[in-house]
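*Asks:* Before I ask anything, here is the structure I am working with.
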Amino acid sequence: MTDLLLRACLLPGRSRLCDVAIADGRIADLTPHEPGIQTSARQRIEVEGRVVTPGLVDAHIHLDKALLSERLTAGAESALEAIRMVGEAKGRFTADDIRQRASRVLDLAIAAGTTAMRVHVEVDPIVGLMGMETMLALKAEYAPAIDLHLCALAQEGILQAPGTEGLLRRALQMGADAIGGVPYNDRNADDHIDIVFALALAFNVDVDFHIDFFDEPEHLHIRKVIERTERTGWRGRVAVGHLSEAAALPAVEQKELAEDLAKAGIGVISLPATDLYLMGRHDETNPPRGLTPIRRLLAADVPVALATNNVRNPFTTVGTADLADMAFLAAVAAHMGTPQDLRALVDCLTIHPARILRLPDYGLAPGCRADLVVWDCERVEDIVAAQPFRPWVIKNGRITVEHQRRLRPHWRTGAPPVG
Ligand SMILES: [Zn+2]
């Protein structure tokens with residue numbers, strides 16, 4: 001028996017409308033839509049030709065330091081200044097404060113169609129394991145709507161913040177799904193990278209670095225990460241966020257780097273809101289965009305995710321936690337505007353981040369988990385171009401969000417009703 005039937009769906013890559021049958025939390029069957037024929041199901045949604053994609057996957061977000069803007073008066077002029085400002089604010093965090101801000105962002109993301117995310121959780125002598133404990137509780141609370149993958153992050157460095165390595169071990173013992181490093185914010189980037197890989201191997205978890213987060217190619221720690229990935233055999237289990245320095249390399253070097261990343265199976269997570277906001281502040285005229293070279297990476301078959309990173313804090317003072325915003329920014333900033341480009345950007349919100357997070361059974365084939373989004377548009381590229389609302393979001397075969405929108409253009413139709 002079908003639990004839920006989505007009638008007349010436009011699926012990416014298919015020209016004919018399909019009915020999607022869901023049973024036991026999974027896609028049971030995809031059949032060509034036949035108007036007038038009614039298949040039995042416990043519950044049905046008349047999708048009426050709208051686009052249906054798999055659930056959005058946010059491969060990189062910080063919930064513990066989200067929504068701090070209202071308590072800060074000054075803005076940050078650089079990534080390092082933003083780290084310092086958040087470090088000060090972090091000293092005053094309480095578990096309840098973290099939980100409340102994180103919940104607000106999760107509610108926004110779920111309503112926008114995100115069904116899985118990798119959450120970077122700061123673990124350091126300032127906040128200890130408070131963020132980790134809070135996120136583990138939220139992971140259980142939000143499980144019916146979203147899968148939270150927790151990445152224990154050494155945002156304050158490891159060598160320059162004594163005690164961090166021990167705390168990272170404790171976070172991994174508590175159940176962190178991945179280990180995250182920030183080599184540019186430490187005394188010795190190479191040693192930092194080595195410690196992160198050693199922990200990943202010891203606990204058998206994936207690795208995710210905040211890397212090369214500047215607009216001049218002055219660090220290029222990515223080269224060390226590629227070498228370590230190959231040496232440890234962690235191919236397919238390493239991701240890097242930002243990689244904005246790569247955009248400042250000559251084209252030929254960008255191409256070589258992209259090929260090396262593809263060979264090492266490293267996924268790249270572009271964070272356009274933060275990177276466009278913080279990069280290029282030292283150039284009075286024609287500031288560089290400072291954006292990951294998305295197009296070159298995709299051309300080399302590197303999985304590229306577009307992700308949120310920060311929501312309203314010194315790193316990015318704006319944000320809605322809606323991943324479609326990130327694709328919109330990338331379309332403009334990376335000059336990716338053709339219908340084909342826009343569809344490729346949708347893959348950067350779905351298929352690519354799912355691959356980077358190694359989500360099992362992700363996609364639109366029979367047998368896949370029924371994590372789905374219905375978009376109020378009839379062309380896949382309009383997900384990026386037109387930012388449509390999402391009338392239904394489905395997680396594990398259950399409707400988690402229903403969004404109705406009623407627009408009444410009274411100026412055309414007459415005076416608004418009184419009372
Ligand atoms: Zn980040």
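Letters A, B, ... mark the chains of the structure tokens in the order given; residue numbers begin at 1 per chain; ligand numbers begin at 1, in order shown.
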How close does chain A get to ligand 1? List, as CSV, each residue of chain A within 8 Å, its nearest atom pair and the distance in Å to one decimal, counting only C-alpha atoms and all ligand atoms.
*Replies:*
```
residue,atom,partner,partner_atom_place_in_ligand_line,distance
A:His60,CA,ligand 1,1 (Zn),6.3
A:Ile61,CA,ligand 1,1 (Zn),6.2
A:His62,CA,ligand 1,1 (Zn),6.3
A:His120,CA,ligand 1,1 (Zn),6.9
A:His210,CA,ligand 1,1 (Zn),6.2
A:Gly241,CA,ligand 1,1 (Zn),6.9
A:His242,CA,ligand 1,1 (Zn),7.9
A:Leu271,CA,ligand 1,1 (Zn),7.9
A:Asn309,CA,ligand 1,1 (Zn),4.8
A:Asn310,CA,ligand 1,1 (Zn),6.8
```
*Asks:* Apply DSSP to the backbone of this structure and, from stretch 48-243 of chain A, keep only the residues in helix (DSSP H, G or I); write these as an NGL selection string.
*Replies:* :A and (69-71 or 79-90 or 95-111 or 130-141 or 164-174 or 183-185 or 189-203 or 222-232)
*Asks:* Skipping near chain neighbours, those fewer than 3 positions away, what residues fall within 7 Å of stretch 89-91 of chain A using only C-alpha atoms, listed as a PyMOL selection string?
*Replies:* chain A and resi 85-86+126-127
*Asks:* Do you know which residues are at most 10 Å from A:Lys65 counting only C-alpha atoms, after dropping those on the same chain fewer than 5 positions away, and could you put them as a VMD selection string?
*Replies:* chain A and resid 86 to 87 89 to 90 93 97 to 98 101 to 102 120 to 122 131 310 to 315
*Asks:* Would you save the residues of that selection, restricted to N, CA and C atoms, as a PDB file, in the first residue's frame?
*Replies:*
```
ATOM      1  N   VAL A  86      33.525  36.852  17.322  1.00  0.00           N
ATOM      2  CA  VAL A  86      32.677  35.733  17.752  1.00  0.00           C
ATOM      3  C   VAL A  86      33.284  35.062  18.981  1.00  0.00           C
ATOM      4  N   GLY A  87      34.653  35.007  19.026  1.00  0.00           N
ATOM      5  CA  GLY A  87      35.328  34.430  20.202  1.00  0.00           C
ATOM      6  C   GLY A  87      34.920  35.163  21.474  1.00  0.00           C
ATOM      7  N   ALA A  89      32.098  36.936  21.910  1.00  0.00           N
ATOM      8  CA  ALA A  89      30.675  36.658  22.165  1.00  0.00           C
ATOM      9  C   ALA A  89      30.497  35.254  22.740  1.00  0.00           C
ATOM     10  N   LYS A  90      31.342  34.333  22.259  1.00  0.00           N
ATOM     11  CA  LYS A  90      31.219  32.921  22.645  1.00  0.00           C
ATOM     12  C   LYS A  90      31.424  32.729  24.143  1.00  0.00           C
ATOM     13  N   PHE A  93      28.155  32.658  25.810  1.00  0.00           N
ATOM     14  CA  PHE A  93      27.111  31.710  25.396  1.00  0.00           C
ATOM     15  C   PHE A  93      26.655  30.871  26.593  1.00  0.00           C
ATOM     16  N   ASP A  97      20.941  29.630  25.268  1.00  0.00           N
ATOM     17  CA  ASP A  97      21.140  30.643  24.218  1.00  0.00           C
ATOM     18  C   ASP A  97      21.475  29.961  22.891  1.00  0.00           C
ATOM     19  N   ILE A  98      22.407  29.014  22.932  1.00  0.00           N
ATOM     20  CA  ILE A  98      22.777  28.298  21.702  1.00  0.00           C
ATOM     21  C   ILE A  98      21.558  27.559  21.150  1.00  0.00           C
ATOM     22  N   ARG A 101      18.935  29.987  19.447  1.00  0.00           N
ATOM     23  CA  ARG A 101      19.352  30.541  18.155  1.00  0.00           C
ATOM     24  C   ARG A 101      19.429  29.444  17.101  1.00  0.00           C
ATOM     25  N   ALA A 102      19.979  28.280  17.478  1.00  0.00           N
ATOM     26  CA  ALA A 102      20.095  27.168  16.528  1.00  0.00           C
ATOM     27  C   ALA A 102      18.715  26.704  16.077  1.00  0.00           C
ATOM     28  N   HIS A 120      28.827  22.576  11.731  1.00  0.00           N
ATOM     29  CA  HIS A 120      30.136  22.750  12.372  1.00  0.00           C
ATOM     30  C   HIS A 120      29.905  23.227  13.805  1.00  0.00           C
ATOM     31  N   VAL A 121      30.423  22.468  14.747  1.00  0.00           N
ATOM     32  CA  VAL A 121      30.194  22.765  16.161  1.00  0.00           C
ATOM     33  C   VAL A 121      31.534  23.129  16.797  1.00  0.00           C
ATOM     34  N   GLU A 122      31.612  24.348  17.322  1.00  0.00           N
ATOM     35  CA  GLU A 122      32.891  24.810  17.875  1.00  0.00           C
ATOM     36  C   GLU A 122      33.203  24.086  19.177  1.00  0.00           C
ATOM     37  N   GLY A 131      28.519  23.438  23.042  1.00  0.00           N
ATOM     38  CA  GLY A 131      27.902  23.420  21.714  1.00  0.00           C
ATOM     39  C   GLY A 131      27.601  21.998  21.276  1.00  0.00           C
ATOM     40  N   ASN A 310      27.205  30.992   7.480  1.00  0.00           N
ATOM     41  CA  ASN A 310      26.772  31.808   8.617  1.00  0.00           C
ATOM     42  C   ASN A 310      25.469  32.535   8.337  1.00  0.00           C
ATOM     43  N   VAL A 311      24.699  32.692   9.398  1.00  0.00           N
ATOM     44  CA  VAL A 311      23.437  33.428   9.303  1.00  0.00           C
ATOM     45  C   VAL A 311      23.463  34.556  10.325  1.00  0.00           C
ATOM     46  N   ARG A 312      23.599  35.757   9.842  1.00  0.00           N
ATOM     47  CA  ARG A 312      23.511  36.968  10.665  1.00  0.00           C
ATOM     48  C   ARG A 312      24.468  36.964  11.868  1.00  0.00           C
ATOM     49  N   ASN A 313      25.764  36.954  11.540  1.00  0.00           N
ATOM     50  CA  ASN A 313      26.810  37.127  12.565  1.00  0.00           C
ATOM     51  C   ASN A 313      27.952  37.896  11.898  1.00  0.00           C
ATOM     52  N   PRO A 314      29.065  38.140  12.595  1.00  0.00           N
ATOM     53  CA  PRO A 314      30.090  38.996  11.968  1.00  0.00           C
ATOM     54  C   PRO A 314      30.661  38.448  10.653  1.00  0.00           C
ATOM     55  N   PHE A 315      30.578  37.143  10.423  1.00  0.00           N
ATOM     56  CA  PHE A 315      31.081  36.585   9.159  1.00  0.00           C
ATOM     57  C   PHE A 315      30.152  36.899   7.985  1.00  0.00           C
TER      58      PHE A 315
END
```
*Asks:* Would you mind telling me which residue in A:Val47, A:Ala198, A:Leu172, A:Val57 lies nearest to A:Leu136 when using only C-alpha atoms?
*Replies:*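 Checking each of A:Val47, A:Ala198, A:Leu172, A:Val57 against A:Leu136, counting only C-alpha atoms, the winner is A:Leu172.
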*Asks:* Which of stretch 106-301 of chain A end up as strand (DSSP E) when DSSP is run on this backbone - answer as a PyMOL selection string?
*Replies:* chain A and resi 114-122+147-153+178-181+206-211+238-242+266-270
*Asks:* With only C-alpha atoms as the counted atoms, please give the residues lying no more than 12 Å from A:Val332, apart from itself and same-chain residues fewer than 4 positions off, as a PyMOL selection string.
*Replies:* chain A and resi 272-273+276+289+291+294+325-328+336-338+341-342+345+384-385
*Asks:* Go ahead and save the picked residues with N, CA, C and O atoms, as a CSV table (one decimal), in the first residue's frame.
*Replies:*
```csv
chain,number,residue,atom,x,y,z
A,272,PRO,N,29.1,31.3,-0.7
A,272,PRO,CA,29.2,32.6,-1.4
A,272,PRO,C,28.8,33.8,-0.6
A,272,PRO,O,29.3,34.8,-0.8
A,273,ALA,N,27.9,33.6,0.4
A,273,ALA,CA,27.4,34.8,1.1
A,273,ALA,C,28.6,35.3,2.0
A,273,ALA,O,28.9,36.5,1.9
A,276,LEU,N,31.7,36.5,-0.4
A,276,LEU,CA,31.4,37.8,-1.1
A,276,LEU,C,31.4,38.9,-0.1
A,276,LEU,O,31.8,40.0,-0.4
A,289,ARG,N,35.9,39.2,-6.4
A,289,ARG,CA,34.8,38.6,-5.9
A,289,ARG,C,35.1,37.6,-4.7
A,289,ARG,O,34.4,37.4,-3.8
A,291,LEU,N,35.4,34.4,-4.7
A,291,LEU,CA,34.5,33.3,-4.7
A,291,LEU,C,35.2,32.0,-5.2
A,291,LEU,O,36.0,32.1,-6.2
A,294,ILE,N,33.8,28.0,-9.0
A,294,ILE,CA,32.8,26.9,-9.1
A,294,ILE,C,32.8,26.3,-10.4
A,294,ILE,O,32.8,25.0,-10.6
A,325,ASP,N,18.9,30.8,-1.9
A,325,ASP,CA,19.6,32.1,-1.9
A,325,ASP,C,21.1,31.9,-2.3
A,325,ASP,O,21.6,32.8,-3.0
A,326,MET,N,21.7,30.8,-1.9
A,326,MET,CA,23.1,30.6,-2.2
A,326,MET,C,23.3,30.3,-3.7
A,326,MET,O,24.3,30.8,-4.3
A,327,ALA,N,22.4,29.6,-4.3
A,327,ALA,CA,22.4,29.3,-5.7
A,327,ALA,C,22.2,30.6,-6.5
A,327,ALA,O,22.8,30.9,-7.5
A,328,PHE,N,21.3,31.5,-6.0
A,328,PHE,CA,21.0,32.8,-6.6
A,328,PHE,C,22.3,33.6,-6.6
A,328,PHE,O,22.7,34.2,-7.7
A,336,MET,N,27.0,32.3,-13.9
A,336,MET,CA,26.4,31.0,-14.3
A,336,MET,C,24.9,31.2,-14.5
A,336,MET,O,24.1,31.1,-13.5
A,337,GLY,N,24.5,31.7,-15.7
A,337,GLY,CA,23.1,32.1,-15.9
A,337,GLY,C,22.4,31.4,-16.9
A,337,GLY,O,21.1,31.6,-17.0
A,338,THR,N,23.0,30.5,-17.7
A,338,THR,CA,22.2,29.8,-18.7
A,338,THR,C,21.3,28.8,-18.1
A,338,THR,O,21.6,28.4,-16.9
A,341,ASP,N,23.5,26.1,-16.8
A,341,ASP,CA,24.2,26.5,-15.6
A,341,ASP,C,23.3,26.5,-14.3
A,341,ASP,O,23.7,26.0,-13.3
A,342,LEU,N,22.1,27.0,-14.5
A,342,LEU,CA,21.2,27.1,-13.3
A,342,LEU,C,20.8,25.7,-12.8
A,342,LEU,O,20.7,25.5,-11.6
A,345,LEU,N,23.6,24.4,-10.8
A,345,LEU,CA,23.6,25.0,-9.5
A,345,LEU,C,22.6,24.3,-8.6
A,345,LEU,O,22.9,24.2,-7.4
A,384,VAL,N,16.5,28.4,-9.1
A,384,VAL,CA,17.5,29.5,-8.9
A,384,VAL,C,17.0,30.8,-9.4
A,384,VAL,O,17.2,31.8,-8.7
A,385,ALA,N,16.5,30.8,-10.6
A,385,ALA,CA,16.1,32.1,-11.2
A,385,ALA,C,15.0,32.8,-10.6
A,385,ALA,O,15.0,34.1,-10.5
```
*Asks:* Ranking A:Asp3, A:Pro288, A:Pro416, A:Ser244 by minimum distance to A:Glu218 and counting only C-alpha atoms, which one comes first?
*Replies:*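 Counting only C-alpha atoms, the residue closest to A:Glu218 is A:Ser244.
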*Asks:* So how many Å separate atom CA of A:Arg169 and atom CA of A:Gly236, to one decimal?
*Replies:*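 Between atom CA of A:Arg169 and atom CA of A:Gly236 the gap is 22.4 Å.
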*Asks:* Could you tell me how far atom CA of A:Ile195 sits from atom CA of A:Ala152, in Å to one decimal place?
*Replies:*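 Atom CA of A:Ala152 sits 13.2 Å away from atom CA of A:Ile195.
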*Asks:* What is the distance between atom CA of A:Gly163 and atom CA of A:Val123, in Å to one decimal?
*Replies:*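 If I compute the distance from atom CA of A:Gly163 to atom CA of A:Val123, I get 9.9 Å.
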*Asks:* Fewer than 2 positions away in the same chain doesn't count, so skip those; otherwise give me all residues within 8 Å of A:Leu108, counting only C-alpha atoms, as a VMD selection string.
*Replies:* chain A and resid 104 to 106 110 to 112 320 to 322
*Asks:* Save out the residues we just selected, all heavy atoms, as a compact mmCIF listing (two decimals), in the first residue's frame.
*Replies:*
```txt
# COMPACT_ATOMS: atom_id res chain seq x y z
N ARG A 104 15.97 28.43 15.85
CA ARG A 104 15.37 29.40 14.90
C ARG A 104 15.90 29.16 13.50
O ARG A 104 15.15 29.20 12.52
CB ARG A 104 15.67 30.84 15.35
CG ARG A 104 14.75 31.32 16.46
CD ARG A 104 15.24 32.65 17.04
NE ARG A 104 15.24 33.75 16.07
CZ ARG A 104 15.88 34.90 16.25
NH1 ARG A 104 16.57 35.11 17.35
NH2 ARG A 104 15.82 35.84 15.34
N VAL A 105 17.20 28.92 13.39
CA VAL A 105 17.79 28.69 12.06
C VAL A 105 17.32 27.35 11.49
O VAL A 105 17.00 27.25 10.30
CB VAL A 105 19.33 28.75 12.13
CG1 VAL A 105 19.95 28.43 10.77
CG2 VAL A 105 19.78 30.14 12.59
N LEU A 106 17.26 26.32 12.32
CA LEU A 106 16.79 25.02 11.83
C LEU A 106 15.36 25.12 11.31
O LEU A 106 15.03 24.56 10.26
CB LEU A 106 16.86 23.98 12.96
CG LEU A 106 18.25 23.43 13.25
CD1 LEU A 106 18.24 22.61 14.54
CD2 LEU A 106 18.76 22.58 12.09
N ILE A 110 14.41 24.10 7.49
CA ILE A 110 13.45 23.01 7.22
C ILE A 110 12.31 23.54 6.36
O ILE A 110 11.89 22.89 5.39
CB ILE A 110 12.94 22.41 8.55
CG1 ILE A 110 14.08 21.65 9.24
CG2 ILE A 110 11.74 21.50 8.32
CD1 ILE A 110 13.84 21.37 10.71
N ALA A 111 11.83 24.72 6.67
CA ALA A 111 10.73 25.30 5.87
C ALA A 111 11.19 25.58 4.44
O ALA A 111 10.38 25.59 3.51
CB ALA A 111 10.25 26.59 6.53
N ALA A 112 12.49 25.80 4.25
CA ALA A 112 13.01 26.07 2.90
C ALA A 112 13.34 24.79 2.14
O ALA A 112 13.76 24.86 0.98
CB ALA A 112 14.26 26.95 3.01
N THR A 320 19.10 33.83 5.49
CA THR A 320 17.76 33.28 5.72
C THR A 320 17.80 31.77 5.95
O THR A 320 16.75 31.17 6.17
CB THR A 320 16.88 33.54 4.49
OG1 THR A 320 17.49 32.87 3.36
CG2 THR A 320 16.76 35.02 4.18
N ALA A 321 18.98 31.16 5.81
CA ALA A 321 19.13 29.69 5.88
C ALA A 321 18.40 28.99 4.74
O ALA A 321 18.17 27.78 4.80
CB ALA A 321 18.68 29.14 7.23
N ASP A 322 18.04 29.74 3.70
CA ASP A 322 17.41 29.15 2.51
C ASP A 322 18.51 28.91 1.48
O ASP A 322 19.12 29.85 0.98
CB ASP A 322 16.36 30.13 1.97
CG ASP A 322 15.64 29.59 0.75
OD1 ASP A 322 16.12 28.59 0.16
OD2 ASP A 322 14.61 30.18 0.37
```
*Asks:* Compare A:Arg406, A:Arg358, A:Arg14, A:Arg223 by their minimum atom-to-atom distance to A:Ala178, counting only C-alpha atoms, and give me the closest one.
*Replies:*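 Counting only C-alpha atoms, the residue closest to A:Ala178 is A:Arg358.
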*Asks:* Counting only C-alpha atoms, which residue out of A:Ser78, A:Gln38, A:Gln387, A:Thr308 sits closest to A:Ile269?
*Replies:*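 So, comparing all the options, the nearest one is A:Thr308.
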*Asks:* Quick one: residues within 7 Å of stretch 295-297 of chain A, only C-alpha atoms, excluding same-chain residues fewer than 4 positions away - as a PyMOL selection string?
*Replies:* chain A and resi 255+258+301-302
*Asks:* Go ahead and save the residues from that selection, with N, CA, C and O atoms, as a PDB file, in the first residue's frame.
*Replies:*
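And here's selection-v2.pdb as it stands now:
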```pdb
ATOM      1  N   LYS A 255      43.140  25.102 -13.007  1.00  0.00           N
ATOM      2  CA  LYS A 255      42.742  23.868 -13.683  1.00  0.00           C
ATOM      3  C   LYS A 255      43.499  22.669 -13.090  1.00  0.00           C
ATOM      4  O   LYS A 255      42.908  21.629 -12.799  1.00  0.00           O
ATOM      5  N   ALA A 258      42.126  21.876  -9.680  1.00  0.00           N
ATOM      6  CA  ALA A 258      40.820  21.203  -9.797  1.00  0.00           C
ATOM      7  C   ALA A 258      41.016  19.728 -10.153  1.00  0.00           C
ATOM      8  O   ALA A 258      40.353  18.845  -9.591  1.00  0.00           O
ATOM      9  N   ASP A 301      34.972  17.773 -12.660  1.00  0.00           N
ATOM     10  CA  ASP A 301      34.242  16.701 -11.960  1.00  0.00           C
ATOM     11  C   ASP A 301      34.482  16.673 -10.460  1.00  0.00           C
ATOM     12  O   ASP A 301      34.406  15.615  -9.828  1.00  0.00           O
ATOM     13  N   VAL A 302      34.783  17.821  -9.889  1.00  0.00           N
ATOM     14  CA  VAL A 302      34.874  17.921  -8.425  1.00  0.00           C
ATOM     15  C   VAL A 302      33.447  18.145  -7.911  1.00  0.00           C
ATOM     16  O   VAL A 302      32.742  19.000  -8.446  1.00  0.00           O
TER      17      VAL A 302
END
```
